[in-house]
>>> print(open('start.txt').read())   # compact mmCIF, C-alpha atoms and all ligand atoms
# COMPACT_ATOMS: atom_id res chain seq x y z
CA MET A 532 26.35 -14.63 31.00
CA GLU A 533 29.18 -15.67 28.64
CA GLN A 534 32.51 -14.50 30.04
CA GLN A 535 34.51 -12.22 27.77
CA THR A 536 37.96 -13.51 26.91
CA VAL A 537 41.08 -12.37 25.11
CA GLY A 538 42.25 -15.57 23.43
CA GLY A 539 42.30 -18.07 26.29
CA VAL A 540 42.48 -15.45 29.05
CA PRO A 541 39.64 -13.69 30.87
CA ASP A 542 39.27 -10.02 30.01
CA LEU A 543 41.10 -7.30 31.91
CA ASP A 544 38.49 -6.69 34.61
CA VAL A 545 38.09 -10.36 35.46
CA LEU A 546 41.84 -10.90 35.31
CA ALA A 547 42.40 -7.99 37.73
CA SER A 548 39.99 -9.39 40.30
CA ARG A 549 41.49 -12.86 39.99
CA PHE A 550 45.02 -11.48 40.40
CA ALA A 551 43.89 -9.70 43.57
CA GLY A 552 42.69 -13.03 44.97
CA ALA A 553 45.65 -15.16 43.84
CA ALA A 554 48.13 -16.28 46.50
CA VAL A 555 51.25 -15.40 44.46
CA GLU A 556 50.21 -12.49 42.22
CA GLY A 557 47.97 -11.08 44.98
CA ALA A 558 50.88 -10.99 47.42
CA LEU A 559 52.64 -8.59 45.03
CA GLY A 560 49.68 -6.26 44.56
CA ALA A 561 50.10 -6.80 40.81
CA VAL A 562 47.57 -4.86 38.70
CA PRO A 563 46.97 -5.74 35.01
CA LEU A 564 46.83 -2.55 32.93
CA GLU A 565 46.26 -3.70 29.35
CA LEU A 566 45.43 -6.96 27.59
CA VAL A 567 44.96 -7.40 23.86
CA PRO A 568 45.90 -10.54 21.93
CA GLY A 569 49.65 -11.10 22.31
CA ARG A 570 50.22 -7.96 24.39
CA PHE A 571 50.00 -7.67 28.19
CA ARG A 572 50.93 -4.83 30.54
CA LEU A 573 51.20 -5.18 34.32
CA GLN A 574 52.14 -2.87 37.20
CA VAL A 575 53.64 -3.90 40.54
CA PRO A 576 54.16 -1.48 43.45
CA LEU A 577 57.81 -1.18 44.51
CA THR A 578 57.41 -1.65 48.25
CA PRO A 579 60.53 -2.04 50.46
CA ALA A 580 59.75 -5.78 50.68
CA VAL A 581 60.49 -6.31 46.98
CA LEU A 582 63.84 -4.45 46.94
CA ASP A 583 67.22 -5.56 48.26
CA ASP A 584 69.82 -3.33 49.95
CA GLU A 585 71.20 -2.17 46.57
CA GLY A 586 67.80 -1.17 45.19
CA ARG A 587 67.49 -4.26 43.00
CA VAL A 588 64.16 -6.02 42.70
CA ILE A 589 64.57 -9.37 44.45
CA PRO A 590 64.93 -12.31 42.05
CA ALA A 591 61.81 -14.05 43.37
CA VAL A 592 59.70 -11.10 42.22
CA LEU A 593 61.37 -10.90 38.80
CA ALA A 594 60.77 -14.63 38.33
CA VAL A 595 57.09 -14.55 39.24
CA VAL A 596 56.33 -11.42 37.23
CA ALA A 597 58.14 -12.74 34.15
CA ASP A 598 56.51 -16.18 34.29
CA THR A 599 52.99 -14.87 34.81
CA SER A 600 53.30 -12.18 32.16
CA VAL A 601 54.70 -14.50 29.50
CA GLY A 602 51.91 -16.98 30.26
CA ILE A 603 49.09 -14.43 30.05
CA CYS A 604 50.62 -12.86 26.94
CA VAL A 605 50.99 -16.12 25.01
CA HIS A 606 47.58 -17.54 25.92
CA SER A 607 45.88 -14.24 25.10
CA GLY A 608 47.19 -14.64 21.56
CA VAL A 609 45.71 -18.10 20.92
CA PRO A 610 41.97 -18.34 20.27
CA ASN A 611 40.50 -21.21 22.30
CA SER A 612 43.72 -21.74 24.25
CA ALA A 613 42.96 -23.84 27.29
CA GLY A 614 46.13 -22.56 28.93
CA GLY A 615 49.27 -24.62 29.31
CA PRO A 616 52.41 -24.50 31.45
CA THR A 617 55.77 -22.84 31.03
CA VAL A 618 58.24 -24.99 29.10
CA GLU A 619 61.25 -22.72 29.64
CA LEU A 620 61.92 -19.24 30.97
CA ARG A 621 65.03 -17.08 31.00
CA VAL A 622 65.38 -13.82 32.90
CA ASP A 623 68.30 -11.40 32.42
CA HIS A 624 68.90 -9.31 35.53
CA VAL A 625 69.88 -5.84 34.35
CA GLY A 626 70.02 -3.19 37.07
CA PRO A 627 68.57 -1.47 40.14
CA VAL A 628 65.47 0.69 40.10
CA GLY A 629 65.90 4.45 39.68
CA PRO A 630 65.82 6.89 42.62
CA GLY A 631 62.24 7.48 43.74
CA ALA A 632 60.77 4.71 41.59
CA ALA A 633 57.30 3.73 42.79
CA HIS A 634 56.20 1.03 40.34
CA LEU A 635 57.62 -1.82 38.29
CA LEU A 636 56.15 -1.76 34.79
CA VAL A 637 56.00 -5.06 32.95
CA ALA A 638 55.58 -5.20 29.17
CA ALA A 639 55.06 -8.65 27.63
CA ASP A 640 54.75 -9.11 23.87
CA ALA A 641 54.27 -12.34 21.96
CA VAL A 642 57.05 -13.36 19.60
CA HIS A 643 55.22 -16.33 18.10
CA VAL A 644 52.04 -18.25 18.89
CA ASP A 645 50.38 -21.25 17.31
CA THR A 646 48.01 -23.95 18.46
CA SER A 647 50.63 -25.99 20.34
CA THR A 648 53.16 -23.46 21.66
CA GLY A 649 54.00 -19.80 21.97
CA SER A 650 56.82 -17.56 23.12
CA ALA A 651 56.94 -14.04 24.45
CA ARG A 652 59.51 -11.54 25.61
CA VAL A 653 59.05 -9.44 28.70
CA VAL A 654 60.72 -6.13 29.54
CA LEU A 655 60.68 -4.84 33.12
CA THR A 656 61.27 -1.13 33.66
CA ASP A 657 60.32 1.20 36.48
CA ASP A 658 58.35 4.43 36.33
CA THR A 659 61.58 6.46 36.17
CA GLY A 660 62.53 4.64 32.96
CA ALA A 661 65.26 2.42 34.43
CA LEU A 662 65.58 -1.01 32.78
CA VAL A 663 65.41 -3.65 35.52
CA ALA A 664 65.21 -6.99 33.71
CA HIS A 665 64.48 -8.68 30.43
CA GLY A 666 63.09 -12.15 29.84
CA VAL A 667 61.89 -14.62 27.26
CA GLY A 668 59.74 -17.68 27.80
CA THR A 669 58.11 -20.54 25.93
CA MET A 670 54.71 -21.93 26.88
CA ALA A 671 52.89 -25.12 25.97
CA VAL A 672 49.44 -24.41 24.53
CA GLU A 673 46.65 -26.84 25.23
CA GLN A 674 43.66 -26.50 22.94
CA ALA A 675 40.10 -26.42 24.19
CA VAL A 676 38.21 -29.70 23.92
CA ASP A 677 35.31 -29.87 21.43
CA GLY A 678 35.69 -26.18 20.72
CA VAL A 679 34.80 -25.25 24.29
CA PRO A 680 37.50 -23.02 25.76
CA THR A 681 38.63 -24.00 29.21
CA ARG A 682 39.73 -20.68 30.59
CA LEU A 683 42.82 -20.08 32.61
CA ARG A 684 41.75 -20.48 36.18
CA LEU A 685 42.96 -18.12 38.82
CA PRO A 686 41.46 -18.66 42.26
CA THR A 687 38.06 -17.02 42.41
CA VAL A 688 38.04 -16.74 46.21
CA LEU A 689 40.59 -15.05 48.39
CA PRO A 690 43.02 -17.71 49.59
CA ASP A 691 43.66 -18.03 53.30
CA VAL A 692 47.35 -18.15 52.48
CA VAL A 693 49.59 -15.58 50.82
CA TYR A 694 52.90 -16.42 49.20
CA ASP A 695 55.83 -15.23 51.30
CA PHE A 696 58.52 -13.93 48.90
CA ALA A 697 61.00 -13.21 51.69
CA ALA A 698 60.72 -16.72 53.16
CA VAL A 699 61.68 -18.33 49.85
CA ALA A 700 64.72 -16.06 49.47
CA GLY A 701 65.61 -16.89 53.10
CA LEU A 702 65.98 -20.58 52.24
CA ALA A 703 69.47 -19.69 50.97
CA THR A 704 70.74 -19.08 54.51
CA ALA A 705 68.71 -21.75 56.32
CA ASP A 706 70.55 -24.82 57.68
CA PRO A 707 73.99 -23.09 57.73
CA GLY A 708 75.75 -26.28 58.80
CA GLY A 709 74.36 -28.38 55.94
CA ASP A 710 75.82 -29.16 52.52
CA PRO A 711 75.88 -25.88 50.51
CA ALA A 712 75.23 -27.83 47.31
CA GLU A 713 71.87 -29.02 48.63
CA LEU A 714 68.76 -27.05 49.46
CA ARG A 715 65.51 -28.55 50.69
CA ALA A 716 62.44 -26.48 49.96
CA PRO A 717 59.11 -27.15 51.62
CA LEU A 718 56.08 -26.48 49.44
CA THR A 719 52.90 -24.76 50.58
CA PRO A 720 49.45 -24.15 49.00
CA ALA A 721 50.41 -20.47 48.78
CA MET A 722 52.85 -21.36 45.97
CA ALA A 723 50.10 -22.42 43.55
CA ASN A 724 49.64 -21.15 40.05
CA MET A 725 46.22 -21.05 38.39
CA ARG A 726 46.61 -24.76 37.58
CA ALA A 727 46.93 -25.64 41.30
CA GLN A 728 50.54 -26.77 40.74
CA LEU A 729 53.79 -25.13 41.77
CA HIS A 730 54.00 -21.69 40.10
CA GLY A 731 56.81 -21.57 37.56
CA GLY A 732 58.08 -18.28 39.02
CA VAL A 733 58.15 -19.74 42.53
CA LEU A 734 60.13 -22.74 41.29
CA MET A 735 62.60 -20.33 39.68
CA ALA A 736 62.81 -18.41 42.98
CA ILE A 737 63.59 -21.62 44.88
CA ALA A 738 66.34 -22.41 42.35
CA HIS A 739 67.75 -18.88 42.83
CA ALA A 740 67.94 -19.54 46.57
CA ALA A 741 69.71 -22.85 45.93
CA GLN A 742 72.33 -21.12 43.76
CA ASP A 743 72.76 -18.25 46.25
CA ARG A 744 73.42 -20.84 48.95
CA PHE A 745 75.84 -22.77 46.74
CA GLN A 746 77.83 -19.68 45.70
CA ALA A 747 78.04 -18.01 49.12
CA GLY A 748 81.61 -18.19 50.34
CA ARG A 749 82.92 -19.87 47.15
CA GLY A 750 85.33 -17.62 45.28
CA GLY A 751 84.17 -14.15 46.28
CA PRO A 752 81.11 -12.04 45.56
CA VAL A 753 79.25 -12.31 42.26
CA ARG A 754 76.36 -10.52 40.59
CA ARG A 755 73.73 -12.58 38.79
CA LEU A 756 73.42 -11.85 35.08
CA THR A 757 71.01 -14.39 33.75
CA PHE A 758 68.89 -17.26 35.01
CA GLY A 759 67.07 -19.87 32.98
CA VAL A 760 64.81 -22.78 33.91
CA ASP A 761 63.75 -25.80 31.84
CA TYR A 762 60.48 -27.04 33.34
CA LEU A 763 60.45 -30.80 32.75
CA ARG A 764 57.59 -32.05 34.93
CA PRO A 765 54.84 -30.34 36.90
CA VAL A 766 55.20 -30.18 40.66
CA PRO A 767 52.04 -31.05 42.61
CA LEU A 768 51.72 -29.18 45.87
CA ASP A 769 50.54 -32.24 47.80
CA GLY A 770 53.53 -34.41 46.86
CA GLY A 771 56.18 -33.39 49.43
CA GLY A 772 59.02 -30.86 49.14
CA LEU A 773 61.76 -30.28 46.59
CA MET A 774 65.46 -31.08 46.76
CA CYS A 775 67.82 -28.82 44.81
CA ARG A 776 71.35 -29.99 43.95
CA SER A 777 73.81 -27.48 42.50
CA ALA A 778 77.19 -27.78 40.77
CA PHE A 779 79.47 -25.44 38.84
CA VAL A 780 79.57 -25.90 35.09
CA ARG A 781 81.84 -22.84 34.70
CA HIS A 782 84.17 -21.56 37.39
CA GLY A 783 86.16 -18.95 35.50
CA ARG A 784 88.02 -15.90 36.67
CA ARG A 785 85.26 -13.60 35.36
CA PHE A 786 82.14 -15.72 35.06
CA ARG A 787 80.50 -18.50 37.07
CA THR A 788 77.72 -20.75 35.81
CA VAL A 789 75.81 -23.00 38.18
CA ARG A 790 73.43 -25.81 37.18
CA THR A 791 70.78 -26.84 39.66
CA GLU A 792 68.65 -29.96 39.45
CA VAL A 793 65.28 -29.48 41.12
CA VAL A 794 64.03 -32.90 42.19
CA ARG A 795 60.50 -33.82 43.32
CA ALA A 796 59.79 -35.96 46.37
CA ASP A 797 59.22 -38.97 44.06
CA GLY A 798 62.83 -38.66 42.87
CA LYS A 799 61.96 -37.35 39.37
CA VAL A 800 63.65 -34.20 38.09
CA ALA A 801 61.10 -31.39 37.86
CA ALA A 802 63.39 -28.73 36.41
CA ILE A 803 66.94 -27.79 35.49
CA ALA A 804 68.03 -24.24 36.37
CA THR A 805 71.13 -22.59 34.95
CA GLY A 806 72.40 -19.30 36.32
CA THR A 807 75.37 -17.23 35.18
CA SER A 808 77.00 -14.55 37.34
CA VAL A 809 79.88 -12.14 36.88
CA VAL A 810 82.63 -12.13 39.51
CA LEU A 811 82.84 -8.72 41.22
CA SER A 812 86.31 -7.25 41.56
CA ARG A 813 87.39 -6.82 45.17
C1 LIG B 1 53.86 -30.33 29.38
C2 LIG B 1 55.37 -30.13 29.31
C3 LIG B 1 55.70 -28.65 29.33
C4 LIG B 1 55.89 -30.64 27.97
O1 LIG B 1 55.52 -31.93 27.83
P1 LIG B 1 56.14 -32.90 26.73
O2 LIG B 1 57.43 -32.43 26.19
O3 LIG B 1 55.09 -33.21 25.76
O4 LIG B 1 56.48 -34.12 27.64
P2 LIG B 1 55.52 -35.21 28.27
O5 LIG B 1 54.10 -34.97 27.95
O6 LIG B 1 56.14 -36.47 27.89
O7 LIG B 1 55.68 -34.92 29.83
C5 LIG B 1 56.93 -34.86 30.49
C6 LIG B 1 56.68 -35.29 31.90
O8 LIG B 1 55.74 -34.40 32.50
C7 LIG B 1 54.60 -35.16 32.96
N1 LIG B 1 53.40 -34.37 32.75
C8 LIG B 1 53.10 -33.64 31.67
N2 LIG B 1 51.92 -33.03 31.85
C9 LIG B 1 51.46 -33.42 33.07
C10 LIG B 1 50.32 -33.11 33.83
N3 LIG B 1 49.34 -32.31 33.37
N4 LIG B 1 50.18 -33.64 35.05
C11 LIG B 1 51.12 -34.47 35.54
N5 LIG B 1 52.25 -34.78 34.87
C12 LIG B 1 52.41 -34.27 33.64
C13 LIG B 1 54.60 -36.43 32.13
O9 LIG B 1 53.93 -37.48 32.80
C14 LIG B 1 56.08 -36.68 32.00
O10 LIG B 1 56.59 -37.23 33.21
P3 LIG B 1 57.15 -38.73 33.30
O11 LIG B 1 58.33 -38.81 32.38
O12 LIG B 1 56.04 -39.62 32.92
O13 LIG B 1 57.55 -38.87 34.75
C15 LIG B 1 56.05 -30.87 30.48
O14 LIG B 1 57.44 -30.83 30.28
C16 LIG B 1 55.68 -30.24 31.81
O15 LIG B 1 54.56 -30.42 32.29
N6 LIG B 1 56.64 -29.49 32.44
C17 LIG B 1 56.38 -28.77 33.66
C18 LIG B 1 55.68 -27.43 33.38
C19 LIG B 1 55.52 -26.59 34.62
O16 LIG B 1 55.22 -27.10 35.68
N7 LIG B 1 55.75 -25.23 34.46
C20 LIG B 1 55.64 -24.31 35.56
C21 LIG B 1 54.21 -24.02 35.97
S1 LIG B 1 53.29 -23.16 34.72
C22 LIG B 1 53.14 -21.54 35.32
O17 LIG B 1 53.19 -21.31 36.47
C23 LIG B 1 53.07 -20.48 34.27
C24 LIG B 1 51.80 -19.89 33.90
C25 LIG B 1 51.56 -18.57 34.21
C26 LIG B 1 50.44 -17.95 33.76
C27 LIG B 1 49.56 -18.63 32.93
C28 LIG B 1 49.78 -19.95 32.62
C29 LIG B 1 50.90 -20.59 33.07
>>> encode(input="start.txt", output="structure tokens")
Amino acid sequence: MEQQTVGGVPDLDVLASRFAGAAVEGALGAVPLELVPGRFRLQVPLTPAVLDDEGRVIPAVLAVVADTSVGICVHSGVPNSAGGPTVELRVDHVGPVGPGAAHLLVAADAVHVDTSTGSARVVLTDDTGALVAHGVGTMAVEQAVDGVPTRLRLPTVLPDVVYDFAAVAGLATADPGGDPAELRAPLTPAMANMRAQLHGGVLMAIAHAAQDRFQAGRGGPVRRLTFGVDYLRPVPLDGGGLMCRSAFVRHGRRFRTVRTEVVRADGKVAAIATGTSVVLSR
């Protein structure tokens, strides 16, 4: 039977079952709530594992949720979209969840779509109404060949691996004696997106860890405000690990901006991440 689609995305029921079986989205328990062209709604349970000590959703979760939602939203708005990867993504970290919040609610709306590209904004609130984060992303759109849509592919079988959000965040404090400007990140099959390459949100999470490592102990505590990634080349998951190299581009009294080059095992730059933080008064 012909599968129902919304633009280039499977309909809500199929999408929900594929999310449940996906290594990254499945690990979050993410449930799609609504999908019409250019509009996507998603719910993620706020378990203790996704919150830090201050009640903020950990950056790795914000990154994955924003990347996935922008992707689904854009491709749902393009008839015959064959999918396409994230070109750039920026996430503004706003605040902690409200007292008693049980779910993160993700609202993604297309800003513009055409046959070669699309952008969407994403607003993350919780079920108490607290604004948690805001993002905007740009996707490449690949058209279907000969009019036959090649649907976005999420794994159709349960993977035997599940993405470990805490382990990626923990990279920041691994190898305490090493150079703080460098972070080596191993890659695993559990980090795959529906294109069987490194998930854009996971790459952003690795870059967060690199910047956390770089900033720890340099000039006092900071709070991240915004984080953007330019995705330059895809990262295959069978091609070795990543090396992240960070440097300050702003080291002011009030604001710090760090640029991180994310380099593949073949020496080519896969992405450039730029994060800005505000210095907390002591
Ligand atoms: C395709 C584009 C975005 C733009 O390309 P353009 O401006 O036209 O540039 P150009 O075509 O010149 O290529 C530049 C370089 O890239 C290489 N290359 C290109 N395509 C392929 C390929 N298929 N396979 C292998 N390599 C490929 C190409 O050889 C060249 O490298 P070189 O200089 O020879 O060494 C490219 O920059 C890119 O792939 N970035 C990484 C994107 C990424 O990984 N995003 C995150 C994951 S997506 C996700 O998780 C979100 C999601 C959620 C939900 C739903 C859906 C999605």
>>> closest_atom_pairs(input="start.txt", of="chain A", to="ligand LIG 1 (chain B)", cutoff="7 Å", atoms="all atoms listed in the file", output="tab-separated table")
residue	atom	partner	partner_atom	distance
A:Asp598	CA	B:LIG1	C25	5.5
A:Thr599	CA	B:LIG1	C25	4.0
A:Ser600	CA	B:LIG1	C26	6.6
A:Val601	CA	B:LIG1	C26	6.9
A:Gly602	CA	B:LIG1	C26	3.9
A:Ile603	CA	B:LIG1	C27	5.1
A:Gly614	CA	B:LIG1	C28	5.8
A:Gly615	CA	B:LIG1	C28	5.7
A:Pro616	CA	B:LIG1	S1	3.6
A:Thr617	CA	B:LIG1	N7	4.2
A:Val618	CA	B:LIG1	C3	4.5
A:Ala671	CA	B:LIG1	C3	5.6
A:Leu683	CA	B:LIG1	C27	6.9
A:Asn724	CA	B:LIG1	O17	5.0
A:Met725	CA	B:LIG1	C27	6.8
A:Gln728	CA	B:LIG1	C21	6.6
A:Leu729	CA	B:LIG1	C21	5.9
A:His730	CA	B:LIG1	O17	3.7
A:Gly731	CA	B:LIG1	C20	3.6
A:Gly732	CA	B:LIG1	O17	6.3
A:Tyr762	CA	B:LIG1	C17	4.5
A:Leu763	CA	B:LIG1	O14	3.9
A:Arg764	CA	B:LIG1	N6	3.7
A:Pro765	CA	B:LIG1	O16	3.5
A:Val766	CA	B:LIG1	O16	5.9
A:Lys799	CA	B:LIG1	O13	6.6
A:Ala801	CA	B:LIG1	C17	6.8
>>> closest_residue(input="start.txt", among="A:Ala778, A:Val794, A:Ile803, A:Ala740", to="Ala712 in chain A", atoms="all atoms listed in the file")
A:Ala778
>>> closest_residue(input="start.txt", among="A:Leu577, A:Ile589, A:Met670, A:Leu559", to="Asp657 in chain A", atoms="all atoms listed in the file")
A:Leu577
>>> closest_residue(input="start.txt", among="A:Ala741, A:Ala727, A:Val567, A:Leu582", to="Met774 in chain A", atoms="only C-alpha atoms")
A:Ala741
>>> atom_distance(input="start.txt", atom1="CA of Val699 in chain A", atom2="CA of Ala591 in chain A")
7.8 Å
>>> residues_around(input="start.txt", residues="Val692 in chain A", least_positions_apart="5", cutoff="10 Å", atoms="all atoms listed in the file", output="JSON, numbers by chain")
{"A": [553, 554, 555, 558, 719, 720, 721, 722]}
>>> atom_distance(input="start.txt", atom1="CA of Ala747 in chain A", atom2="CA of Pro711 in chain A")
8.3 Å
>>> closest_residue(input="start.txt", among="A:Ala651, A:Ala664, A:Ala675, A:Leu636", to="Ala613 in chain A", atoms="all atoms listed in the file")
A:Ala675
>>> residues_around(input="start.txt", residues="Pro610 in chain A", least_positions_apart="4", cutoff="10 Å", atoms="all atoms listed in the file", output="ChimeraX atom specification")
/A:536-540,568,606,645-646,674-675,680
>>> closest_residue(input="start.txt", among="A:Gly806, A:Tyr694, A:Val642, A:Ser650", to="Glu619 in chain A", atoms="all atoms listed in the file")
A:Ser650
>>> closest_residue(input="start.txt", among="A:Ala641, A:Leu756, A:Val625, A:Leu543", to="Val588 in chain A", atoms="only C-alpha atoms")
A:Val625
>>> atom_distance(input="start.txt", atom1="CA of Gly649 in chain A", atom2="CA of Val595 in chain A")
18.3 Å
>>> axis_aligned_box(input="start.txt", around="range 574-587 of chain A", padding_each_side="6 Å", output="JSON")
{"center_x": 61.7, "center_y": -3.7, "center_z": 43.9, "size_x": 31.1, "size_y": 17.1, "size_z": 25.5}
